[in-house]
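One file, coords18.txt, carrying compact mmCIF, C-alpha atoms and all ligand atoms:
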```
# COMPACT_ATOMS: atom_id res chain seq x y z
CA MET Y 1 53.16 81.34 -35.78
CA LYS Y 2 53.80 77.75 -36.83
CA LEU Y 3 56.42 77.46 -34.12
CA VAL Y 4 54.06 78.75 -31.47
CA PHE Y 5 51.48 76.26 -32.58
CA ALA Y 6 53.99 73.41 -32.51
CA CYS Y 7 55.00 74.37 -28.98
CA LEU Y 8 51.42 74.52 -27.84
CA LEU Y 9 50.79 71.12 -29.33
CA VAL Y 10 53.85 69.57 -27.67
CA CYS Y 11 52.92 71.08 -24.33
CA ALA Y 12 49.35 69.89 -24.66
CA LEU Y 13 50.59 66.39 -25.45
CA CYS Y 14 52.97 66.37 -22.50
CA PHE Y 15 50.22 67.53 -20.26
CA GLN Y 16 47.94 64.77 -21.43
CA ALA Y 17 50.51 62.02 -21.21
CA GLY Y 18 51.40 62.76 -17.61
CA THR Y 19 54.97 63.63 -18.53
CA LEU Y 20 54.95 67.37 -17.99
CA ALA Y 21 58.58 68.49 -17.63
CA ILE Y 22 59.14 66.18 -14.66
CA ASP Y 23 62.07 63.77 -14.48
CA PHE Y 24 60.85 61.44 -11.77
CA TYR Y 25 58.65 61.13 -8.69
CA TYR Y 26 59.48 60.35 -5.11
CA LEU Y 27 56.96 58.05 -3.51
CA THR Y 28 57.60 58.72 0.17
CA ILE Y 29 56.38 56.51 2.98
CA GLU Y 30 56.77 57.21 6.67
CA TRP Y 31 56.87 55.38 9.96
CA PRO Y 32 54.00 57.20 11.71
CA LYS Y 33 55.44 57.19 15.23
CA SER Y 34 58.69 58.77 14.02
CA PHE Y 35 56.72 61.69 12.72
CA CYS Y 36 54.42 61.90 15.73
CA ASN Y 37 57.23 62.01 18.33
CA SER Y 38 59.45 64.45 16.42
CA GLY Y 39 58.01 67.73 17.66
CA ALA Y 40 56.38 68.98 20.82
CA ARG Y 41 53.48 70.50 18.94
CA ILE Y 42 52.67 67.43 16.87
CA SER Y 43 49.58 65.84 18.30
CA CYS Y 44 48.62 62.57 16.65
CA THR Y 45 45.13 61.18 16.75
CA ASN Y 46 46.07 57.63 15.88
CA VAL Y 47 49.42 56.04 15.27
CA PRO Y 48 49.25 53.03 12.93
CA ASN Y 49 51.76 50.21 13.36
CA HIS Y 50 52.41 50.05 9.62
CA PHE Y 51 54.14 52.37 7.18
CA THR Y 52 51.88 54.97 5.60
CA ILE Y 53 52.14 57.18 2.51
CA HIS Y 54 53.48 60.67 2.95
CA GLY Y 55 53.22 61.74 -0.68
CA LEU Y 56 54.08 61.52 -4.34
CA TRP Y 57 56.42 64.36 -5.21
CA GLN Y 58 57.49 65.52 -8.61
CA GLU Y 59 61.21 66.09 -9.09
CA MET Y 60 63.81 67.24 -11.61
CA ASN Y 61 67.15 65.41 -11.81
CA ASN Y 62 68.96 68.72 -11.30
CA GLY Y 63 66.80 69.59 -8.28
CA ALA Y 64 65.18 72.55 -10.03
CA PRO Y 65 61.72 73.52 -8.79
CA ILE Y 66 58.77 72.45 -10.92
CA PRO Y 67 57.00 75.45 -12.46
CA PRO Y 68 53.44 75.94 -11.28
CA PRO Y 69 50.69 74.85 -13.66
CA PRO Y 70 48.84 77.48 -15.71
CA VAL Y 71 45.70 76.70 -13.76
CA LYS Y 72 46.00 75.09 -10.35
CA GLN Y 73 43.07 72.74 -9.84
CA PRO Y 74 41.60 73.09 -6.35
CA PHE Y 75 41.36 69.93 -4.24
CA ASP Y 76 37.93 68.37 -4.50
CA ASN Y 77 37.01 65.80 -1.89
CA VAL Y 78 33.99 64.74 -3.92
CA GLN Y 79 36.42 63.26 -6.45
CA VAL Y 80 38.07 61.17 -3.74
CA LYS Y 81 34.77 59.84 -2.50
CA SER Y 82 33.56 59.11 -6.04
CA ASP Y 83 35.89 56.08 -5.99
CA PRO Y 84 34.83 54.25 -2.81
CA ALA Y 85 37.53 51.58 -3.09
CA LEU Y 86 40.26 54.20 -3.41
CA TYR Y 87 38.75 56.29 -0.61
CA GLN Y 88 38.66 53.30 1.70
CA THR Y 89 42.24 52.33 0.93
CA MET Y 90 43.46 55.90 1.37
CA GLN Y 91 42.00 56.08 4.86
CA GLN Y 92 44.20 53.19 5.84
CA ILE Y 93 47.36 53.70 3.82
CA TRP Y 94 47.46 57.52 3.62
CA PRO Y 95 46.11 58.82 6.95
CA GLY Y 96 46.61 62.39 8.08
CA LEU Y 97 47.80 61.28 11.55
CA THR Y 98 47.47 64.59 13.39
CA VAL Y 99 44.71 66.62 14.98
CA THR Y 100 45.50 69.56 12.71
CA MET Y 101 45.80 67.43 9.57
CA PRO Y 102 42.97 64.94 9.45
CA ASN Y 103 42.90 62.80 6.29
CA GLU Y 104 41.17 65.18 3.95
CA ILE Y 105 43.25 68.18 4.99
CA PHE Y 106 46.42 66.14 4.55
CA TRP Y 107 45.36 64.96 1.07
CA LYS Y 108 44.51 68.54 0.13
CA HIS Y 109 47.92 69.67 1.38
CA GLU Y 110 49.71 67.01 -0.71
CA TRP Y 111 47.58 67.88 -3.75
CA ASP Y 112 48.20 71.63 -3.39
CA GLN Y 113 51.97 71.20 -2.83
CA HIS Y 114 52.63 68.42 -5.35
CA GLY Y 115 49.69 66.88 -7.20
CA ALA Y 116 48.43 70.13 -8.70
CA PHE Y 117 51.87 70.62 -10.33
CA THR Y 118 51.57 67.36 -12.25
CA SER Y 119 49.47 66.66 -15.30
CA PHE Y 120 47.44 64.01 -13.52
CA THR Y 121 43.82 64.45 -12.60
CA GLN Y 122 43.33 64.49 -8.86
CA HIS Y 123 41.85 61.00 -8.93
CA ASP Y 124 44.73 59.58 -10.98
CA TYR Y 125 47.34 61.31 -8.83
CA LEU Y 126 45.96 59.82 -5.63
CA LYS Y 127 45.42 56.42 -7.21
CA ILE Y 128 48.94 56.25 -8.61
CA ALA Y 129 50.42 56.95 -5.19
CA VAL Y 130 48.21 54.28 -3.60
CA ASP Y 131 48.88 51.74 -6.37
CA ARG Y 132 52.66 52.15 -6.11
CA ALA Y 133 52.49 51.89 -2.31
CA ASN Y 134 50.51 48.68 -2.73
CA ASP Y 135 53.07 47.38 -5.22
CA LEU Y 136 55.61 47.73 -2.42
CA GLY Y 137 53.32 46.08 0.11
CA VAL Y 138 53.53 49.10 2.40
CA LEU Y 139 50.92 47.82 4.85
CA GLN Y 140 52.79 44.52 5.38
CA LEU Y 141 56.31 45.86 5.03
CA VAL Y 142 57.16 45.89 8.72
CA GLN Y 143 56.06 42.25 9.10
CA GLU Y 144 58.14 41.32 6.08
CA LEU Y 145 61.17 43.06 7.57
CA ASN Y 146 60.61 41.04 10.68
CA HIS Y 147 60.24 37.82 8.77
CA ALA Y 148 63.20 38.35 6.47
CA ALA Y 149 65.65 40.14 8.76
CA GLY Y 150 64.35 39.88 12.32
CA ILE Y 151 63.57 43.58 12.46
CA SER Y 152 61.20 44.41 15.32
CA ILE Y 153 59.34 47.55 16.17
CA GLY Y 154 60.87 49.09 19.29
CA LYS Y 155 64.47 47.99 18.51
CA LYS Y 156 67.45 49.78 16.96
CA TYR Y 157 69.33 49.06 13.74
CA THR Y 158 72.02 50.56 11.57
CA VAL Y 159 70.61 52.24 8.50
CA GLN Y 160 72.53 49.84 6.30
CA TYR Y 161 70.97 46.79 7.97
CA PHE Y 162 67.53 48.34 7.79
CA LYS Y 163 68.00 49.34 4.17
CA SER Y 164 69.26 45.91 3.13
CA ALA Y 165 66.19 44.34 4.71
CA ILE Y 166 63.90 46.70 2.80
CA GLN Y 167 65.79 46.08 -0.40
CA ALA Y 168 65.37 42.33 0.08
CA ALA Y 169 61.64 42.59 0.84
CA VAL Y 170 60.88 45.04 -1.97
CA GLY Y 171 63.21 43.30 -4.41
CA LEU Y 172 61.25 40.08 -3.94
CA LYS Y 173 58.00 41.93 -4.65
CA LEU Y 174 59.22 43.72 -7.76
CA GLY Y 175 61.40 40.93 -9.04
CA ARG Y 176 64.48 43.15 -9.34
CA PRO Y 177 66.75 45.14 -7.03
CA LEU Y 178 65.75 48.68 -6.17
CA GLU Y 179 67.69 51.60 -4.72
CA MET Y 180 65.88 53.95 -2.32
CA HIS Y 181 66.65 56.60 0.29
CA ILE Y 182 66.28 56.22 4.03
CA ILE Y 183 65.49 59.38 5.96
CA CYS Y 184 66.11 59.72 9.70
CA ASN Y 185 64.96 62.21 12.30
CA PHE Y 186 64.88 62.47 16.09
CA ASP Y 187 62.46 61.37 18.75
CA LEU Y 188 62.16 64.51 20.86
CA SER Y 189 59.56 63.21 23.28
CA GLY Y 190 61.97 62.10 26.05
CA GLN Y 191 64.87 63.57 28.02
CA ASN Y 192 67.41 62.64 25.36
CA LYS Y 193 66.80 62.92 21.68
CA VAL Y 194 66.91 59.53 20.00
CA ALA Y 195 67.86 59.05 16.34
CA GLN Y 196 65.29 57.03 14.47
CA ILE Y 197 64.17 55.82 11.05
CA HIS Y 198 61.58 58.22 9.74
CA GLU Y 199 60.88 57.83 6.01
CA ILE Y 200 61.72 55.74 2.97
CA TRP Y 201 61.80 57.50 -0.37
CA PHE Y 202 61.29 55.39 -3.49
CA CYS Y 203 61.60 56.69 -7.03
CA THR Y 204 59.35 56.15 -10.04
CA ASP Y 205 59.73 57.25 -13.64
CA ASN Y 206 57.92 60.35 -14.87
CA THR Y 207 54.71 58.46 -15.55
CA GLY Y 208 54.48 57.31 -11.94
CA LEU Y 209 53.95 53.77 -13.21
CA GLN Y 210 57.41 52.15 -12.94
CA PHE Y 211 59.84 52.08 -10.07
CA ILE Y 212 63.35 53.20 -10.92
CA ASN Y 213 66.52 53.27 -8.85
CA CYS Y 214 66.90 56.49 -6.87
CA THR Y 215 70.16 58.10 -7.89
CA SER Y 216 70.23 61.51 -6.20
CA LYS Y 217 72.32 61.54 -3.05
CA SER Y 218 71.45 65.04 -1.95
CA SER Y 219 68.21 64.25 -0.20
CA ILE Y 220 69.41 61.68 2.32
CA ARG Y 221 68.91 63.26 5.69
CA PRO Y 222 71.05 62.64 8.62
CA CYS Y 223 71.41 58.91 8.98
CA GLY Y 224 75.06 58.00 9.46
CA PRO Y 225 76.23 54.57 8.29
CA LYS Y 226 77.58 53.65 11.74
CA GLY Y 227 74.88 54.98 14.03
CA VAL Y 228 71.93 52.95 15.27
CA TYR Y 229 68.41 54.10 14.64
CA ALA Y 230 65.23 53.21 16.42
CA LEU Y 231 62.01 52.01 14.86
CA PRO Y 232 59.81 53.32 17.69
CA LEU Y 233 56.76 51.57 19.04
CA PRO Y 234 53.48 53.21 18.01
C1 LIG M 301 68.71 49.08 -10.02
O1 LIG M 301 70.10 48.88 -10.17
C2 LIG M 301 70.51 47.51 -10.09
C3 LIG M 301 72.03 47.46 -10.08
O2 LIG M 301 72.56 48.23 -11.10
C4 LIG M 301 69.88 46.75 -11.26
O3 LIG M 301 70.24 45.40 -11.22
C5 LIG M 301 68.35 46.89 -11.17
O4 LIG M 301 67.71 46.27 -12.25
C6 LIG M 301 67.94 48.35 -11.10
N1 LIG M 301 66.52 48.41 -10.78
C7 LIG M 301 65.64 49.04 -11.54
C8 LIG M 301 64.24 49.01 -11.05
O5 LIG M 301 65.93 49.61 -12.57
```
In structure tokens, how does this file's structure come out?
Ligand SMILES: *[C@@H]1O[C@H](CO)[C@@H](O)[C@H](O)[C@H]1NC(C)=O
Amino acid sequence: MKLVFACLLVCALCFQAGTLAIDFYYLTIEWPKSFCNSGARISCTNVPNHFTIHGLWQEMNNGAPIPPPPVKQPFDNVQVKSDPALYQTMQQIWPGLTVTMPNEIFWKHEWDQHGAFTSFTQHDYLKIAVDRANDLGVLQLVQELNHAAGISIGKKYTVQYFKSAIQAAVGLKLGRPLEMHIICNFDLSGQNKVAQIHEIWFCTDNTGLQFINCTSKSSIRPCGPKGVYALPLP
């Protein structure tokens, strides 16, 4: 009986502290055009010329799936709109991009797939993702890559060059070096498929408050060190 109570208490505390059995989070950002051109059935409504948030995903170091919460809170758009500053920022930095996933459907999708498995309230979950993305300067990142490393939208780079440029830009912002993953995919809109930079995955600790170095190698998708990858024009 005592043991059961102790367990309940520990679980309740974890739940409150935002540290529910999660080792770290991926904060994933995407280059919108690389998503929009990657499938024939993807129809984008607007294609920003800055990086945007894909999501904040809970992870275990060993890759194990996160158990579902006892009660899955449904997405509530009223909560998003109750914080006008957050709502306004989300429209810019976390857009849904496609006809079938306008903003609010996309946010609901991310909440249902990821946020609802965390111990954050919906508001805090969304705000943490936005705050971390702002820490990285996501909206200005492409300009900073241009400034620091001459990277231009519409040109091609090796992943290593691209990654070094991001590490330099982000390292300056955070005041220390940071390891992240670069994810590539293919532009399928033309005659020949073109390899391109798609996403950047950053890692935070299990509170979502601090960036940590990404260590897992398993999730890097097919960017070879020698190949060149496009950063397509919007
Ligand atoms: C990431 O690793 C580098 C090299 O080991 C280290 O200097 C840096 O402080 C680490 N960054 C973070 C955010 O822990």
Please report, as lines of an AutoDock Vina configuration file, the centre and edge lengths in Å to one decimal of an axis-aligned box covering all listed atoms of region 219-233 of chain Y with 6 Å per side.
```
center_x = 67.2
center_y = 57.9
center_z = 9.4
size_x = 32.8
size_y = 24.7
size_z = 31.2
```
If I put a ball of radius 7 Å at (61.3, 61.5, 17.7) in the file's coordinates, which residues poke into it when counting all atoms listed in the file, written as a PyMOL selection string? chain Y and resi 34-35+37-38+185-189+193-194+196
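Take the candidates Y:Glu179, Y:Asp135, Y:Asp124, Y:Glu104 and check each one against ligand LIG 301 (chain M) using all atoms listed in the file; the shortest distance goes to Y:Glu179.
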Selection as a list in words: residues within 12 Å of ligand LIG 301 (chain M) by only C-alpha atoms and all ligand atoms: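 Based on only C-alpha atoms and all ligand atoms, ligand LIG 301 (chain M) is surrounded within 12 Å by Gln167, Val170, Gly171, Leu172, Lys173, Leu174, Gly175, Arg176, Pro177, Leu178, Glu179, Met180, Phe202, Cys203, Thr204, Asp205, Leu209, Gln210, Phe211, Ile212, Asn213, Cys214 and Thr215 of chain Y.
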Expressed in Å to a single decimal, how great is the separation between CA of Ala230 (chain Y) and CA of Gly55 (chain Y)?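 Separating CA of Ala230 (chain Y) from CA of Gly55 (chain Y) is a distance of 22.6 Å.
Contact shell of Ile153 (chain Y) at 9 Å (only C-alpha atoms; same-chain neighbours under 5 positions omitted): Y:Asn49, Y:Val142, Y:Asn146, Y:Ala230, Y:Leu231, Y:Pro232, Y:Leu233, Y:Pro234.
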Mind checking which residues fall within 8 Å of Ile183 (chain Y), counting all atoms listed in the file, ignoring those fewer than 5 positions away in the same chain, and posting them as JSON, numbers by chain? {"Y": [197, 198, 199, 200, 201, 220, 221, 222, 223]}
How about saving the chosen residues, C-alpha atoms kept, as a short mmCIF file (atom, residue, chain, number, x, y, z; two decimals), in the frame of the given file?
```
data_model
loop_
_atom_site.label_atom_id
_atom_site.label_comp_id
_atom_site.auth_asym_id
_atom_site.auth_seq_id
_atom_site.Cartn_x
_atom_site.Cartn_y
_atom_site.Cartn_z
CA ILE Y 197 64.17 55.82 11.05
CA HIS Y 198 61.58 58.22 9.74
CA GLU Y 199 60.88 57.83 6.01
CA ILE Y 200 61.72 55.74 2.97
CA TRP Y 201 61.80 57.50 -0.37
CA ILE Y 220 69.41 61.68 2.32
CA ARG Y 221 68.91 63.26 5.69
CA PRO Y 222 71.05 62.64 8.62
CA CYS Y 223 71.41 58.91 8.98
#
```
Test item: residues at most 12 Å from Val78 (chain Y), only C-alpha atoms, excluding those fewer than 5 positions along its chain, as number ranges by chain: Y: 83-84, 87, 104, 108, 122-123
Name all residues at most 10 Å from Trp111 (chain Y) (count all atoms listed in the file; drop same-chain ones fewer than 5 positions away) and give them as a VMD selection string. chain Y and resid 55 to 57 72 to 76 105 to 106 116 to 118 122 125 to 126
With all atoms listed in the file as the counted atoms, please give the residues lying no more than 7 Å from Val99 (chain Y), apart from itself and same-chain residues fewer than 2 positions off, as number ranges by chain. Y: 43-45, 101-102
As a check of understanding: the span from CA of Lys226 (chain Y) to CA of Ile151 (chain Y) is 17.3 Å
For Ser119 (chain Y), which residue among Y:Gln58, Y:Gln92, Y:Asn46, Y:Thr28 is the nearest when counting only C-alpha atoms? Y:Gln58
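Among the candidate residues Y:Phe24, Y:Tyr229, Y:Trp31, Y:Trp94, the one lying nearest to Met60 (chain Y) is Y:Phe24, with distances computed using all atoms listed in the file.
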Distance CA of Ala129 (chain Y)-CA of Gln88 (chain Y), one decimal place?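 Taking CA of Ala129 (chain Y) as the start and CA of Gln88 (chain Y) as the end point, the length is 14.1 Å.
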